[in-house]
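data06.txt (compact mmCIF, C-alpha atoms) appears below.
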# COMPACT_ATOMS: atom_id res chain seq x y z
CA MET X 1 87.48 -10.52 -30.51
CA LYS X 2 87.00 -7.24 -32.37
CA PHE X 3 83.93 -6.43 -30.30
CA SER X 4 85.71 -7.11 -26.99
CA PHE X 5 88.68 -4.99 -28.13
CA PHE X 6 86.26 -2.19 -29.03
CA ILE X 7 84.61 -2.40 -25.60
CA LYS X 8 88.00 -2.29 -23.84
CA ASN X 9 88.95 0.82 -25.79
CA ILE X 10 85.71 2.51 -24.80
CA ILE X 11 86.14 1.68 -21.12
CA SER X 12 89.74 2.87 -21.15
CA ASN X 13 88.67 6.23 -22.51
CA GLN X 14 88.70 8.82 -19.71
CA ILE X 15 85.73 10.79 -21.03
CA THR X 16 83.64 7.64 -21.23
CA LYS X 17 84.58 6.75 -17.67
CA HIS X 18 83.39 10.14 -16.46
CA ILE X 19 80.13 9.88 -18.40
CA LEU X 20 79.49 6.40 -17.03
CA TYR X 21 80.17 7.61 -13.50
CA TRP X 22 77.64 10.42 -13.74
CA LEU X 23 75.04 8.17 -15.33
CA VAL X 24 75.42 5.70 -12.48
CA PHE X 25 75.29 8.56 -9.99
CA VAL X 26 72.06 9.97 -11.46
CA PHE X 27 70.33 6.60 -11.72
CA PHE X 28 71.43 5.55 -8.25
CA PHE X 29 69.91 8.60 -6.55
CA THR X 30 66.88 8.39 -8.83
CA LEU X 31 66.23 4.90 -7.48
CA VAL X 32 67.00 5.89 -3.88
CA TRP X 33 64.59 8.85 -3.87
CA GLY X 34 62.16 7.15 -6.24
CA THR X 35 61.45 4.35 -3.79
CA TYR X 36 60.09 6.98 -1.40
CA ASP X 37 57.21 8.16 -3.61
CA ASN X 38 57.46 5.84 -6.67
CA ASP X 39 57.75 8.86 -8.97
CA TYR X 40 60.98 7.86 -10.70
CA PHE X 41 60.65 10.27 -13.61
CA ARG X 42 60.33 13.30 -11.34
CA ASN X 43 63.33 12.21 -9.28
CA PHE X 44 65.32 11.55 -12.43
CA MET X 45 64.65 15.08 -13.69
CA ILE X 46 65.60 16.55 -10.33
CA GLN X 47 68.93 14.68 -10.50
CA VAL X 48 69.51 15.90 -14.06
CA PHE X 49 68.91 19.54 -13.10
CA SER X 50 71.26 19.05 -10.16
CA LEU X 51 74.13 18.02 -12.43
CA PRO X 52 75.44 21.51 -13.35
CA SER X 53 76.22 22.38 -9.74
CA ARG X 54 77.71 18.98 -8.99
CA LEU X 55 79.82 18.95 -12.14
CA THR X 56 81.14 22.43 -11.37
CA LEU X 57 82.03 21.49 -7.79
CA VAL X 58 83.72 18.22 -8.71
CA TYR X 59 85.78 19.36 -11.68
CA VAL X 60 86.89 22.71 -10.29
CA THR X 61 88.00 20.87 -7.16
CA LEU X 62 89.76 18.01 -8.95
CA PHE X 63 91.42 19.96 -11.74
CA PHE X 64 92.22 23.21 -9.95
CA LEU X 65 92.00 23.16 -6.16
CA PHE X 66 93.34 19.63 -5.68
CA PRO X 67 96.60 19.97 -7.69
CA LYS X 68 97.11 23.68 -7.06
CA PHE X 69 96.67 23.70 -3.30
CA LEU X 70 96.16 20.27 -1.70
CA LEU X 71 99.05 18.54 -3.48
CA GLU X 72 101.21 21.57 -2.80
CA LYS X 73 100.39 21.16 0.91
CA LYS X 74 98.56 24.49 1.11
CA TYR X 75 95.85 22.92 3.25
CA GLY X 76 94.43 26.12 4.71
CA LYS X 77 93.94 27.73 1.31
CA PHE X 78 92.46 24.51 -0.06
CA VAL X 79 89.84 24.28 2.70
CA LEU X 80 88.97 27.98 2.46
CA LEU X 81 88.64 27.97 -1.33
CA TYR X 82 86.68 24.72 -1.31
CA ILE X 83 84.17 26.15 1.19
CA LEU X 84 83.81 29.32 -0.90
CA LEU X 85 83.37 27.23 -4.06
CA LEU X 86 80.77 25.03 -2.38
CA ILE X 87 78.80 28.06 -1.17
CA ALA X 88 78.98 29.75 -4.60
CA VAL X 89 77.89 26.60 -6.43
CA THR X 90 75.10 26.00 -3.94
CA VAL X 91 73.68 29.52 -4.05
CA PHE X 92 74.24 30.62 -7.64
CA ILE X 93 73.76 27.32 -9.49
CA GLN X 94 71.94 24.66 -7.50
CA ARG X 95 69.67 27.03 -5.61
CA THR X 96 68.83 28.88 -8.83
CA PHE X 97 67.86 25.66 -10.62
CA PHE X 98 65.87 24.50 -7.61
CA PHE X 99 64.02 27.75 -6.99
CA TYR X 100 63.17 28.60 -10.59
CA ILE X 101 62.92 25.21 -12.34
CA ILE X 102 62.76 22.18 -10.03
CA GLN X 103 60.40 23.63 -7.43
CA PRO X 104 57.74 25.11 -9.75
CA THR X 105 57.86 22.18 -12.21
CA TYR X 106 58.39 19.06 -10.09
CA LEU X 107 57.73 20.09 -6.49
CA GLN X 108 54.55 22.16 -6.66
CA ASN X 109 53.58 21.05 -3.17
CA PHE X 110 56.83 22.34 -1.78
CA LYS X 111 56.47 26.04 -1.09
CA SER X 112 59.49 28.24 -0.60
CA SER X 113 59.09 31.95 -1.14
CA ASN X 114 62.53 32.95 0.11
CA PHE X 115 65.45 32.28 -2.24
CA PHE X 116 67.99 32.78 0.57
CA ALA X 117 66.25 30.65 3.20
CA THR X 118 69.12 29.51 5.45
CA THR X 119 67.75 26.02 6.20
CA GLU X 120 67.10 25.26 2.54
CA ILE X 121 70.51 26.57 1.49
CA MET X 122 72.19 24.34 4.11
CA ASN X 123 70.23 21.30 2.89
CA THR X 124 71.14 22.13 -0.70
CA LEU X 125 74.78 22.60 0.27
CA LEU X 126 74.91 19.14 1.85
CA ASP X 127 73.15 17.63 -1.15
CA VAL X 128 75.65 19.16 -3.59
CA ASN X 129 78.61 18.14 -1.43
CA ILE X 130 77.67 14.45 -1.71
CA ALA X 131 78.83 14.45 -5.33
CA ILE X 132 82.46 15.15 -4.42
CA ILE X 133 82.98 12.24 -2.01
CA ILE X 134 83.74 9.41 -4.46
CA PRO X 135 85.70 11.46 -7.08
CA PHE X 136 87.76 13.17 -4.39
CA GLY X 137 88.47 9.87 -2.64
CA TYR X 138 89.51 8.30 -5.94
CA ALA X 139 91.77 11.25 -6.85
CA PHE X 140 93.35 11.20 -3.39
CA LEU X 141 93.99 7.44 -3.63
CA LYS X 142 95.55 7.75 -7.10
CA SER X 143 97.74 10.60 -5.89
CA TRP X 144 98.84 8.56 -2.86
CA GLN X 145 99.62 5.55 -5.06
CA LYS X 146 101.63 7.72 -7.44
CA THR X 147 103.59 9.28 -4.58
CA ASN X 148 104.13 5.88 -3.00
CA GLN X 149 105.35 4.46 -6.32
CA LYS X 150 107.82 7.33 -6.71
CA THR X 151 109.10 6.67 -3.18
CA ILE X 152 109.55 2.97 -3.94
CA GLU X 153 111.37 3.74 -7.19
CA LEU X 154 113.63 6.26 -5.42
CA GLU X 155 114.44 3.76 -2.65
CA LYS X 156 115.11 1.08 -5.26
CA LYS X 157 117.41 3.42 -7.15
CA GLN X 158 119.22 4.33 -3.94
CA LEU X 159 119.65 0.65 -3.10
CA GLU X 160 121.05 -0.01 -6.56
CA ASN X 161 123.58 2.77 -5.98
CA VAL X 162 124.65 1.44 -2.57
CA ASN X 163 128.28 0.29 -2.65
CA GLU X 164 128.76 1.69 -6.13
CA PHE X 165 132.37 2.22 -5.13
CA ILE X 166 134.73 1.42 -2.28
CA TYR X 167 137.92 2.96 -0.91
CA LEU X 168 141.02 0.82 -0.46
CA LYS X 169 144.11 1.76 1.51
CA VAL X 170 147.08 1.52 -0.80
CA GLU X 171 150.32 2.43 0.96
CA LYS X 172 149.53 5.82 2.53
CA SER X 173 146.51 6.83 0.45
CA LEU X 174 142.93 5.76 -0.13
CA GLN X 175 142.03 4.83 -3.67
CA LYS X 176 138.49 4.88 -5.03
CA ILE X 177 137.51 1.67 -6.84
CA PHE X 178 134.22 1.33 -8.71
CA THR X 179 132.70 -2.06 -7.89
CA ARG X 180 131.45 -2.46 -11.47
CA ASP X 181 135.11 -2.66 -12.60
CA ILE X 182 136.22 -5.42 -10.21
CA ILE X 183 136.84 -8.77 -11.96
CA PHE X 184 137.98 -10.68 -8.87
CA ILE X 185 139.58 -10.24 -5.47
CA GLU X 186 142.29 -12.58 -4.18
CA SER X 187 143.36 -12.96 -0.56
CA LEU X 188 147.08 -12.57 0.22
CA LYS X 189 146.96 -13.21 4.00
CA ASN X 190 146.73 -9.69 5.48
CA TYR X 191 146.45 -8.13 2.05
CA ILE X 192 144.16 -8.48 -0.94
CA LYS X 193 144.79 -8.26 -4.66
CA VAL X 194 142.00 -6.49 -6.51
CA LYS X 195 141.97 -7.13 -10.23
CA THR X 196 139.93 -4.58 -12.18
CA ILE X 197 139.39 -4.13 -15.91
CA ASP X 198 142.30 -1.68 -16.14
CA ARG X 199 144.60 -2.21 -13.17
CA GLU X 200 145.71 -4.41 -10.29
CA ILE X 201 145.77 -3.13 -6.73
CA ILE X 202 147.37 -4.55 -3.60
CA ALA X 203 145.64 -3.21 -0.49
CA TYR X 204 145.94 -3.79 3.25
CA LYS X 205 142.62 -5.46 4.01
CA SER X 206 141.21 -8.92 4.70
CA ILE X 207 139.04 -10.67 2.14
CA SER X 208 136.28 -11.21 4.74
CA SER X 209 136.02 -7.51 5.54
CA ILE X 210 135.85 -6.42 1.91
CA GLU X 211 133.25 -9.12 1.22
CA LYS X 212 130.88 -7.27 3.59
CA GLU X 213 131.33 -4.04 1.64
CA LEU X 214 130.46 -5.51 -1.76
CA PRO X 215 126.89 -5.74 -3.13
CA GLU X 216 125.72 -9.35 -2.79
CA LYS X 217 123.93 -9.41 -6.15
CA LYS X 218 127.11 -8.55 -8.06
CA PHE X 219 129.79 -10.58 -6.24
CA LEU X 220 130.21 -14.15 -5.06
CA ARG X 221 132.68 -15.80 -2.69
CA VAL X 222 133.78 -18.96 -4.49
CA HIS X 223 136.87 -19.87 -2.48
CA ARG X 224 138.45 -18.98 0.84
CA SER X 225 140.87 -16.85 -1.19
CA PHE X 226 138.65 -15.57 -4.01
CA ILE X 227 135.64 -13.32 -4.58
CA ILE X 228 134.54 -12.96 -8.19
CA GLY X 229 132.49 -10.37 -10.07
CA LEU X 230 129.46 -12.18 -11.50
CA ASN X 231 129.31 -9.93 -14.57
CA PHE X 232 132.75 -11.10 -15.73
CA ILE X 233 132.16 -14.87 -15.79
CA ASP X 234 132.97 -16.27 -19.23
CA SER X 235 132.54 -19.97 -18.41
CA PHE X 236 132.41 -22.28 -15.41
CA SER X 237 132.49 -25.89 -14.32
CA PRO X 238 132.00 -27.63 -10.95
CA THR X 239 135.66 -26.96 -10.07
CA LYS X 240 136.65 -23.66 -11.64
CA LEU X 241 135.52 -20.46 -13.33
CA SER X 242 136.99 -18.46 -16.17
CA LEU X 243 136.88 -14.66 -15.91
CA LYS X 244 138.48 -12.59 -18.66
CA GLY X 245 141.29 -15.13 -19.14
CA PHE X 246 141.81 -15.78 -15.43
CA SER X 247 141.10 -19.24 -13.97
CA ILE X 248 139.56 -19.12 -10.49
CA PRO X 249 139.18 -22.34 -8.42
CA ILE X 250 135.93 -23.21 -6.61
CA GLY X 251 136.50 -24.32 -3.02
CA ARG X 252 134.67 -27.39 -1.70
CA LYS X 253 133.11 -25.32 1.09
CA TYR X 254 131.58 -22.93 -1.49
CA LYS X 255 130.42 -25.43 -4.14
CA ASP X 256 126.79 -25.57 -3.00
CA LYS X 257 126.45 -21.80 -2.88
CA VAL X 258 128.10 -21.40 -6.28
CA LYS X 259 125.81 -24.09 -7.65
CA ASP X 260 122.71 -22.29 -6.33
CA VAL X 261 123.79 -18.93 -7.76
CA LEU X 262 125.08 -20.08 -11.14
CA GLY X 263 122.71 -23.03 -11.55
CA TYR X 264 125.02 -25.68 -12.95
CA PHE X 265 124.43 -29.43 -12.28

Could you render the structure as structure tokens?
Amino acid sequence: MKFSFFIKNIISNQITKHILYWLVFVFFFTLVWGTYDNDYFRNFMIQVFSLPSRLTLVYVTLFFLFPKFLLEKKYGKFVLLYILLLIAVTVFIQRTFFFYIIQPTYLQNFKSSNFFATTEIMNTLLDVNIAIIIPFGYAFLKSWQKTNQKTIELEKKQLENVNEFIYLKVEKSLQKIFTRDIIFIESLKNYIKVKTIDREIIAYKSISSIEKELPEKKFLRVHRSFIIGLNFIDSFSPTKLSLKGFSIPIGRKYKDKVKDVLGYF
């Protein structure tokens, strides 16, 4: 158990994840290129000396260009700066390592006398650019998931706030009633009586029309003449409910629905 916990902690460590990624990257391309000439050591060393340029490209992009420009929707600047970064990394880092270390040490048969040979720079540029594909894709996916999660949470919050209050016509004015304060609503033919935690209101409205305005998760129609606030139920039986000292009957037509919502048998 202790060993497995230790391993989980290591894997969860961000630095370790990055190190593991680059080790896999180096060994993968070592094997890919090594199968061509069976000289795995030489190809391993070439991949190692290629790391400085790849690391620079990946981490400058992910930790500076990506959040500073791409996430801020400055797409033109992002593309321009990425191209300039790629060229700079290719010429001043990767090409330098290749021309002065890799070529004379591990590629003696490969002759290149011109440091700024266009074809070789283009090939080097493409080779360096490969390193950014997976990290950039991963960062983009995580950013999309985070944005999507924020959108879902915002929509959920907005839904929770829907019908937070209603307006009722009382005589010649409209009165604002917070739904969280409503204990029950009773039908009085063309009028309704709304009992809240601090007052009682008689309004010109039908019980069916106000039922449509109330959030379903917080209110329940239990009788042709009554809608109750679920948060105020003190006790209940198959025939009646008690809400803050008020006894509310359960109509036969509504018994099954009340049973499903409240779960009594």

Please provide as an MDAnalysis selection string all residues within 9 Å of Ala131 of chain X, with the sequence filter that same-chain residues fewer than 6 positions apart are discarded (counting all atoms listed in the file). chainID X and resid 25 54:55 57:58

From X:Ile134, X:Ala139, X:Leu31, X:Ile250, residue lying nearest Leu65 of chain X [all atoms listed in the file]: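 Answer, going by the shortest atom-to-atom distance: X:Ala139.
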
Kindly provide the residues of segment 103-203 of chain X that approach segment 219-227 of chain X to within 12 Å, each paired with its closest atom pair and their distance in Å to one decimal, based on all atoms listed in the file, listed by chain and increasing number, as a Markdown table.
| residue | atom | partner | partner_atom | distance |
| --- | --- | --- | --- | --- |
| X:Asn163 | CA | X:Phe219 | CA | 11.5 |
| X:Thr179 | CA | X:Phe219 | CA | 9.2 |
| X:Arg180 | CA | X:Phe219 | CA | 9.8 |
| X:Asp181 | CA | X:Phe219 | CA | 11.5 |
| X:Ile182 | CA | X:Phe219 | CA | 9.2 |
| X:Ile183 | CA | X:Ile227 | CA | 8.8 |
| X:Phe184 | CA | X:Ile227 | CA | 5.6 |
| X:Ile185 | CA | X:Ile227 | CA | 5.1 |
| X:Glu186 | CA | X:Phe226 | CA | 4.7 |
| X:Ser187 | CA | X:Ser225 | CA | 4.7 |
| X:Leu188 | CA | X:Ser225 | CA | 7.7 |
| X:Lys189 | CA | X:Ser225 | CA | 8.8 |
| X:Asn190 | CA | X:Ser225 | CA | 11.4 |
| X:Tyr191 | CA | X:Ser225 | CA | 10.8 |
| X:Ile192 | CA | X:Ser225 | CA | 9.0 |
| X:Lys193 | CA | X:Phe226 | CA | 9.6 |
| X:Val194 | CA | X:Ile227 | CA | 9.5 |
| X:Lys195 | CA | X:Ile227 | CA | 10.5 |

To one decimal place, how far is atom CA of Ile133 of chain X from atom CA of Thr16 of chain X in Å? 19.8 Å

Interatomic distance, atom CA of Leu23 of chain X to atom CA of Arg42 of chain X (Å, one decimal):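 Rounded to one decimal, the two atoms are 16.1 Å apart.
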
In Å, with one decimal, what is the gap from atom CA of Gln145 of chain X to atom CA of Lys68 of chain X?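 We find that atom CA of Gln145 of chain X and atom CA of Lys68 of chain X lie 18.4 Å from each other.
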
Find the residue from X:Phe99, X:Phe136, X:Tyr21, X:Phe115 that sits nearest to Leu62 of chain X; use only C-alpha atoms when measuring. X:Phe136

Which neighbours of Asp234 of chain X fall inside 12 Å, counting all atoms listed in the file, when residues of the same chain fewer than 5 positions from it are skipped, and could you give them as an mmCIF file with C-alpha atoms, in the frame of the given file?
data_model
loop_
_atom_site.group_PDB
_atom_site.id
_atom_site.type_symbol
_atom_site.label_atom_id
_atom_site.label_comp_id
_atom_site.auth_asym_id
_atom_site.auth_seq_id
_atom_site.Cartn_x
_atom_site.Cartn_y
_atom_site.Cartn_z
ATOM 1 C CA ILE X 183 136.840 -8.770 -11.960
ATOM 2 C CA ILE X 228 134.540 -12.960 -8.190
ATOM 3 C CA GLY X 229 132.490 -10.370 -10.070
ATOM 4 C CA LYS X 240 136.650 -23.660 -11.640
ATOM 5 C CA LEU X 241 135.520 -20.460 -13.330
ATOM 6 C CA SER X 242 136.990 -18.460 -16.170
ATOM 7 C CA LEU X 243 136.880 -14.660 -15.910
ATOM 8 C CA LYS X 244 138.480 -12.590 -18.660
ATOM 9 C CA GLY X 245 141.290 -15.130 -19.140
ATOM 10 C CA PHE X 246 141.810 -15.780 -15.430
ATOM 11 C CA SER X 247 141.100 -19.240 -13.970
ATOM 12 C CA ILE X 248 139.560 -19.120 -10.490
ATOM 13 C CA LEU X 262 125.080 -20.080 -11.140
#

Taking into account only C-alpha atoms, which residue in the set X:Ile121, X:Leu174, X:Leu20, X:Ile166 is nearest to Ala88 of chain X?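 Among the listed residues, the smallest separation from Ala88 of chain X belongs to X:Ile121.
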
Residues near Val26 of chain X, cut-off 12 Å, all atoms listed in the file, skip fewer than 2 positions along chain, as a ChimeraX atom specification: /X:19-24,28-34,40-41,43-51,54-55,131

Excluding Leu70 of chain X and residues on its chain fewer than 4 positions from it, collect all residues at most 12 Å away from it, counting only C-alpha atoms, and give them as a ChimeraX atom specification. /X:61-66,74-82,136,139-140,143
